[in-house]
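Engineer: My structure is stored as start.txt, with compact mmCIF, C-alpha atoms.
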# COMPACT_ATOMS: atom_id res chain seq x y z
CA MET A 1 11.19 -20.74 25.65
CA ALA A 2 14.67 -19.42 24.83
CA GLN A 3 14.92 -16.22 22.87
CA ARG A 4 16.07 -16.39 19.27
CA GLU A 5 18.70 -13.86 18.26
CA ILE A 6 18.49 -11.91 15.00
CA ARG A 7 21.36 -9.66 14.01
CA THR A 8 20.79 -6.08 12.94
CA GLU A 9 23.12 -6.53 9.98
CA ASP A 10 20.84 -9.27 8.62
CA ILE A 11 17.83 -7.00 9.07
CA ALA A 12 19.53 -4.11 7.26
CA GLN A 13 20.57 -6.34 4.36
CA ALA A 14 17.06 -7.77 4.00
CA VAL A 15 15.47 -4.31 3.96
CA ALA A 16 18.03 -3.04 1.43
CA GLN A 17 17.18 -5.90 -0.92
CA MET A 18 13.43 -5.39 -0.45
CA SER A 19 13.76 -1.68 -1.18
CA GLN A 20 15.09 -2.47 -4.62
CA ASP A 21 12.95 -5.51 -5.40
CA ALA A 22 9.75 -3.67 -4.47
CA ASN A 23 10.61 -0.84 -6.86
CA PHE A 24 11.70 -3.14 -9.72
CA PHE A 25 9.14 -5.97 -9.65
CA LEU A 26 5.35 -5.86 -9.50
CA PRO A 27 3.84 -8.67 -7.40
CA GLU A 28 2.38 -11.56 -9.41
CA ASP A 29 -1.14 -10.99 -8.10
CA VAL A 30 -1.04 -7.39 -9.37
CA LEU A 31 0.29 -8.46 -12.77
CA ASP A 32 -2.44 -11.11 -13.00
CA ALA A 33 -5.13 -8.56 -12.12
CA ILE A 34 -3.91 -6.13 -14.79
CA LYS A 35 -3.77 -8.93 -17.40
CA LYS A 36 -7.33 -9.89 -16.49
CA ALA A 37 -8.40 -6.25 -16.81
CA VAL A 38 -6.98 -6.11 -20.35
CA GLY A 39 -9.52 -8.76 -21.30
CA THR A 40 -12.49 -7.02 -19.66
CA GLU A 41 -11.74 -3.33 -20.28
CA GLU A 42 -14.45 -1.82 -22.49
CA SER A 43 -12.52 1.22 -23.69
CA PRO A 44 -9.97 0.70 -26.52
CA LEU A 45 -7.81 3.50 -25.06
CA GLY A 46 -8.16 1.99 -21.60
CA LYS A 47 -7.12 -1.44 -22.91
CA ALA A 48 -4.10 0.05 -24.70
CA THR A 49 -3.12 1.87 -21.50
CA LEU A 50 -3.25 -1.34 -19.49
CA GLU A 51 -1.06 -3.04 -22.09
CA LYS A 52 1.46 -0.21 -21.76
CA ILE A 53 1.47 -0.65 -17.98
CA LEU A 54 2.33 -4.34 -18.46
CA GLU A 55 5.05 -3.42 -20.95
CA ASN A 56 6.49 -0.93 -18.46
CA ALA A 57 6.50 -3.60 -15.74
CA ALA A 58 8.32 -6.04 -18.02
CA ILE A 59 11.02 -3.46 -18.86
CA ALA A 60 11.47 -2.56 -15.18
CA ALA A 61 11.92 -6.20 -14.21
CA LYS A 62 14.28 -7.01 -17.07
CA GLU A 63 16.51 -3.96 -16.67
CA ARG A 64 16.14 -3.63 -12.87
CA VAL A 65 14.96 -0.04 -13.07
CA PRO A 66 12.14 1.60 -11.09
CA LEU A 67 8.57 0.93 -12.15
CA CYS A 68 7.86 4.61 -11.47
CA GLN A 69 9.98 7.72 -11.04
CA ASP A 70 8.32 8.16 -7.63
CA CYS A 71 10.12 5.47 -5.64
CA GLY A 72 7.97 6.18 -2.64
CA LEU A 73 8.11 6.89 1.04
CA ALA A 74 9.24 3.73 2.87
CA VAL A 75 6.27 2.46 4.86
CA ILE A 76 7.37 -0.48 7.02
CA LEU A 77 5.11 -2.90 8.88
CA VAL A 78 6.97 -4.98 11.46
CA ARG A 79 5.61 -8.13 13.10
CA LEU A 80 8.03 -8.84 15.92
CA GLY A 81 7.87 -12.21 17.63
CA GLN A 82 7.92 -11.83 21.40
CA ASP A 83 10.67 -14.47 21.61
CA VAL A 84 13.03 -12.56 19.32
CA HIS A 85 16.08 -10.72 20.65
CA ILE A 86 17.65 -8.14 18.32
CA THR A 87 21.44 -8.05 18.64
CA GLY A 88 24.00 -5.54 17.42
CA GLY A 89 21.94 -2.38 17.77
CA GLY A 90 18.41 -1.03 17.51
CA LEU A 91 15.69 -2.58 15.34
CA TYR A 92 14.52 0.72 13.86
CA ALA A 93 18.09 1.88 13.19
CA ALA A 94 18.74 -1.37 11.31
CA ILE A 95 15.60 -0.95 9.21
CA GLU A 96 16.52 2.61 8.30
CA GLU A 97 20.08 1.59 7.46
CA GLY A 98 18.57 -0.90 5.03
CA VAL A 99 16.37 1.75 3.44
CA LYS A 100 19.34 4.09 3.03
CA LYS A 101 21.50 1.38 1.45
CA GLY A 102 18.76 0.01 -0.80
CA TYR A 103 17.80 3.40 -2.17
CA ALA A 104 21.42 4.47 -2.67
CA ASP A 105 22.64 1.25 -4.30
CA GLY A 106 19.52 0.94 -6.45
CA TYR A 107 19.68 4.56 -7.64
CA LEU A 108 16.15 5.06 -6.37
CA ARG A 109 14.72 8.54 -5.95
CA LYS A 110 14.89 9.88 -2.41
CA SER A 111 11.68 11.73 -1.58
CA MET A 112 11.71 12.55 2.14
CA VAL A 113 11.97 16.19 3.16
CA GLN A 114 12.51 17.80 6.57
CA HIS A 115 10.29 20.64 7.83
CA PRO A 116 7.51 19.81 5.35
CA PHE A 117 5.70 23.04 6.24
CA SER A 118 8.65 25.34 5.44
CA SER A 119 12.13 24.59 4.05
CA ARG A 120 11.27 21.09 2.68
CA THR A 121 14.97 20.13 2.61
CA ASN A 122 15.57 16.67 1.15
CA THR A 123 17.11 14.26 3.68
CA LYS A 124 18.95 12.59 0.74
CA THR A 125 18.47 9.12 2.29
CA ASN A 126 14.71 8.51 1.90
CA CYS A 127 14.64 8.35 5.68
CA PRO A 128 13.14 8.49 8.16
CA ALA A 129 10.89 5.57 7.29
CA VAL A 130 7.35 5.29 8.65
CA ILE A 131 7.41 2.18 10.85
CA HIS A 132 4.46 0.41 12.45
CA THR A 133 5.22 -2.46 14.85
CA GLU A 134 3.02 -5.29 16.10
CA ILE A 135 4.22 -7.72 18.80
CA VAL A 136 3.14 -11.27 17.91
CA PRO A 137 3.73 -14.76 19.36
CA GLY A 138 6.74 -16.77 18.20
CA ASP A 139 10.41 -16.32 17.36
CA LYS A 140 10.18 -14.81 13.87
CA LEU A 141 10.59 -11.27 12.58
CA THR A 142 8.47 -10.33 9.58
CA ILE A 143 9.12 -7.06 7.78
CA ILE A 144 6.81 -5.72 5.08
CA LEU A 145 7.96 -2.82 2.93
CA MET A 146 5.49 -0.71 0.99
CA PRO A 147 7.05 2.14 -1.04
CA LYS A 148 4.16 4.64 -1.05
CA GLY A 149 4.09 7.22 -3.83
CA GLY A 150 2.94 10.76 -3.14
CA GLY A 151 0.28 10.80 -5.84
CA SER A 152 -1.67 7.96 -4.26
CA GLU A 153 -0.92 8.79 -0.62
CA ASN A 154 -2.21 12.33 -1.13
CA MET A 155 -5.60 10.86 -1.98
CA SER A 156 -6.01 9.35 1.52
CA ARG A 157 -9.21 10.31 3.27
CA LEU A 158 -10.58 9.94 6.80
CA ALA A 159 -14.14 10.49 7.99
CA MET A 160 -15.59 10.21 11.47
CA LEU A 161 -19.10 9.25 10.45
CA SER A 162 -22.01 9.07 12.84
CA PRO A 163 -23.20 5.54 13.57
CA ALA A 164 -26.58 6.44 12.07
CA GLN A 165 -24.93 6.80 8.64
CA GLY A 166 -24.15 3.09 8.71
CA ARG A 167 -23.23 1.04 5.66
CA ARG A 168 -24.72 3.55 3.21
CA GLY A 169 -22.58 6.31 4.69
CA VAL A 170 -19.48 4.14 4.33
CA VAL A 171 -20.23 3.32 0.68
CA ASP A 172 -20.96 6.94 -0.22
CA PHE A 173 -17.78 8.19 1.46
CA VAL A 174 -15.47 5.64 -0.15
CA VAL A 175 -16.90 6.03 -3.65
CA LYS A 176 -16.75 9.83 -3.35
CA ALA A 177 -13.12 9.65 -2.23
CA VAL A 178 -12.14 7.64 -5.31
CA ASP A 179 -14.26 9.82 -7.60
CA GLU A 180 -12.63 13.01 -6.31
CA ALA A 181 -9.18 11.44 -6.61
CA GLY A 182 -9.78 10.94 -10.33
CA SER A 183 -6.56 10.38 -12.24
CA ASN A 184 -4.29 11.68 -9.47
CA PRO A 185 -3.41 8.26 -7.97
CA CYS A 186 -2.61 6.78 -11.42
CA PRO A 187 -5.42 4.24 -11.85
CA PRO A 188 -6.14 1.41 -12.04
CA VAL A 189 -5.80 1.52 -8.28
CA ILE A 190 -6.17 -0.75 -5.30
CA VAL A 191 -8.47 0.79 -2.71
CA GLY A 192 -7.84 -0.02 0.94
CA VAL A 193 -10.62 0.75 3.40
CA GLY A 194 -10.37 0.68 7.19
CA ILE A 195 -13.51 0.79 9.30
CA GLY A 196 -13.71 1.07 13.08
CA GLY A 197 -11.37 1.62 15.99
CA THR A 198 -10.18 5.22 16.23
CA ALA A 199 -8.98 7.70 13.63
CA GLU A 200 -5.43 6.31 13.61
CA LYS A 201 -6.56 2.67 13.80
CA ALA A 202 -8.88 3.06 10.81
CA SER A 203 -6.06 4.70 8.82
CA LEU A 204 -3.67 1.85 9.60
CA LEU A 205 -6.33 -0.74 8.75
CA ALA A 206 -6.79 0.91 5.35
CA LYS A 207 -3.08 0.59 4.64
CA GLU A 208 -2.93 -2.99 5.87
CA ALA A 209 -5.89 -3.87 3.63
CA LEU A 210 -3.73 -3.06 0.61
CA LEU A 211 -1.41 -5.96 1.46
CA ARG A 212 -3.99 -8.72 1.10
CA PRO A 213 -3.52 -10.75 -2.12
CA LEU A 214 -5.74 -9.34 -4.85
CA GLY A 215 -8.85 -11.38 -5.42
CA GLN A 216 -8.91 -12.66 -1.83
CA SER A 217 -12.14 -11.44 -0.24
CA ASN A 218 -12.47 -10.65 3.44
CA ALA A 219 -13.24 -13.79 5.45
CA ASP A 220 -16.35 -12.14 6.92
CA PRO A 221 -19.18 -12.59 4.38
CA GLU A 222 -20.75 -9.24 5.30
CA VAL A 223 -17.47 -7.40 4.73
CA ALA A 224 -16.86 -9.36 1.52
CA ASP A 225 -20.27 -8.23 0.27
CA LEU A 226 -19.33 -4.63 1.06
CA GLU A 227 -16.09 -5.05 -0.91
CA LYS A 228 -18.06 -6.34 -3.88
CA GLU A 229 -20.49 -3.42 -3.83
CA LEU A 230 -17.68 -0.85 -3.55
CA PHE A 231 -15.75 -2.52 -6.39
CA GLN A 232 -18.75 -2.37 -8.71
CA LYS A 233 -19.64 1.23 -7.87
CA ILE A 234 -16.04 2.47 -8.21
CA ASN A 235 -15.60 0.78 -11.59
CA SER A 236 -18.84 2.37 -12.72
CA LEU A 237 -17.35 5.86 -12.22
CA GLY A 238 -15.77 5.73 -15.69
CA ILE A 239 -12.38 7.14 -14.59
CA GLY A 240 -10.55 4.23 -16.19
CA PRO A 241 -6.83 3.47 -16.64
CA GLN A 242 -4.71 6.59 -16.03
CA GLY A 243 -7.93 8.62 -16.06
CA PHE A 244 -8.50 8.12 -19.80
CA GLY A 245 -11.94 6.61 -19.25
CA GLY A 246 -13.06 3.03 -19.09
CA SER A 247 -14.39 0.30 -16.84
CA THR A 248 -11.16 -0.43 -14.93
CA THR A 249 -10.71 2.23 -12.26
CA ALA A 250 -9.90 -0.25 -9.47
CA LEU A 251 -8.20 -3.63 -9.61
CA ALA A 252 -9.58 -4.43 -6.17
CA VAL A 253 -11.31 -2.92 -3.14
CA GLN A 254 -10.19 -4.46 0.16
CA VAL A 255 -11.78 -3.71 3.51
CA GLU A 256 -10.57 -4.40 7.07
CA VAL A 257 -12.84 -3.88 10.07
CA PHE A 258 -12.24 -3.36 13.80
CA PRO A 259 -14.78 -2.79 16.62
CA ALA A 260 -15.63 0.84 17.34
CA HIS A 261 -16.91 2.99 20.20
CA ILE A 262 -20.70 3.14 20.48
CA ALA A 263 -20.63 6.81 19.38
CA SER A 264 -18.17 6.39 16.48
CA LEU A 265 -17.91 5.11 12.92
CA PRO A 266 -14.39 5.94 11.66
CA VAL A 267 -13.75 5.21 7.97
CA ALA A 268 -10.39 5.63 6.23
CA VAL A 269 -9.45 5.25 2.57
CA ASN A 270 -5.91 4.57 1.38
CA ILE A 271 -5.12 4.08 -2.29
CA LEU A 272 -2.30 2.31 -4.13
CA CYS A 273 -1.54 3.23 -7.72
CA HIS A 274 -1.13 0.57 -10.41
CA SER A 275 2.53 0.31 -9.33
CA ALA A 276 1.24 -1.53 -6.26
CA ARG A 277 4.64 -2.23 -4.75
CA HIS A 278 5.34 -4.23 -1.62
CA LYS A 279 7.74 -6.93 -0.46
CA GLU A 280 7.85 -9.14 2.61
CA VAL A 281 10.61 -11.06 4.36
CA THR A 282 10.59 -13.27 7.45
CA LEU A 283 13.81 -13.74 9.41
Please express the file's structure as structure tokens.

Structural biologist:
Amino acid sequence: MAQREIRTEDIAQAVAQMSQDANFFLPEDVLDAIKKAVGTEESPLGKATLEKILENAAIAAKERVPLCQDCGLAVILVRLGQDVHITGGGLYAAIEEGVKKGYADGYLRKSMVQHPFSSRTNTKTNCPAVIHTEIVPGDKLTIILMPKGGGSENMSRLAMLSPAQGRRGVVDFVVKAVDEAGSNPCPPVIVGVGIGGTAEKASLLAKEALLRPLGQSNADPEVADLEKELFQKINSLGIGPQGFGGSTTALAVQVEVFPAHIASLPVAVNILCHSARHKEVTL
């Protein structure tokens, strides 16, 4: 099969547009989940907070301004078809050029700093991006952009449980992680959970879990049952919208699973705030 050429300038332009759209527009599934939560939230203050979140989203979309002042670190997931040939330069350089242009033209806050352990000097471009690449069959290039805010990313957790801890250990760890996070990740949140593989695989699975449409359970019935239990327990914590109390701490809990070593049970938690921003394009 002949290779299909994709130009780096097209990649950069697509990423620039996504950088702005992701920061200006909440996905429809997230908006629908928040609207549903307004009808089920038990706390009057929690309900009013959810209504304010929807109002904020409407203003951001209408005026093309950021949903949140934290415009996020650019997390990029690339699915590169093995029959694609990138022309005009490097793939990663094109993606980062798009991030730079999108954040500059959209007047989005740049949050990346060099030497995070010392000088913490702002790069002034929101680069480098964090890029994960998967080689897949076909002649398409899919790019997913997730602007990840510091408040939610800081609540990430990883545990290398013993296999003997099993499902109960997983449930206890995930619920404790959300409970300890409290209001820091700006609930209502989406909780991504990765189970299995290695430490880095579980962490990536947790992030990828956040991209599944809300309300779509895992195809494995056993995993779907785990998602349901976690969702119920997390919403019983009483943290509520923005930490003001209530029955809506999470809009969804989404779990991805990968086989693990016989001696290991890695579990990772990654959280998205209510500004659950992500965009996808296929070239």

Engineer: What's around Asp220 of chain A at 12 Å? Count only C-alpha atoms, leave out sequence neighbours fewer than 4 positions away in its own chain, and write the answer as a PDB file with C-alpha atoms, in the coordinates of the input.

Structural biologist:
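What ended up in part_1.pdb:
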ATOM      1  CA  GLN A 216      -8.910 -12.660  -1.830  1.00  0.00           C
ATOM      2  CA  ALA A 224     -16.860  -9.360   1.520  1.00  0.00           C
ATOM      3  CA  ASP A 225     -20.270  -8.230   0.270  1.00  0.00           C
ATOM      4  CA  LEU A 226     -19.330  -4.630   1.060  1.00  0.00           C
ATOM      5  CA  GLU A 227     -16.090  -5.050  -0.910  1.00  0.00           C
ATOM      6  CA  GLN A 254     -10.190  -4.460   0.160  1.00  0.00           C
ATOM      7  CA  VAL A 255     -11.780  -3.710   3.510  1.00  0.00           C
ATOM      8  CA  GLU A 256     -10.570  -4.400   7.070  1.00  0.00           C
ATOM      9  CA  VAL A 257     -12.840  -3.880  10.070  1.00  0.00           C
ATOM     10  CA  PHE A 258     -12.240  -3.360  13.800  1.00  0.00           C
TER      11      PHE A 258
END

Engineer: For Lys201 of chain A, which residue out of A:Ile11, A:Ala219, A:Val269, A:Val175 is the nearest one, using all atoms listed in the file?

Structural biologist: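 Answer, going by the shortest atom-to-atom distance: A:Val269.
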
Engineer: Dig up all the protein and nucleic acid residues within 12 Å of (-19.4, 3.0, -13.4) in the file frame, using only C-alpha atoms, and format them as a PyMOL selection string.

Structural biologist: chain A and resi 42+175+178-179+229-240+245-250

Engineer: Could you check the closest approach to Ile59 of chain A for each of A:Val223, A:Leu31, A:Ala206, A:Phe25 and tell me which residue wins, using all atoms listed in the file?

Structural biologist: A:Phe25

Engineer: Show me as a PyMOL selection string the residues that reach within 12 Å of (17.3, 17.3, 5.6), counting all atoms listed in the file and using the file's own coordinates.

Structural biologist: chain A and resi 110-116+118-128

Engineer: So which residues touch Pro27 of chain A within 8 Å, counting all atoms listed in the file, skipping near sequence neighbours fewer than 5 positions away, as a ChimeraX atom specification?

Structural biologist: /A:276-278

Engineer: Set the distance at 12 Å and use only C-alpha atoms: which residues neighbour Thr198 of chain A once local chain neighbours fewer than 5 positions away are removed? I'd like the list as a PyMOL selection string.

Structural biologist: chain A and resi 158-161+203-205+257-268
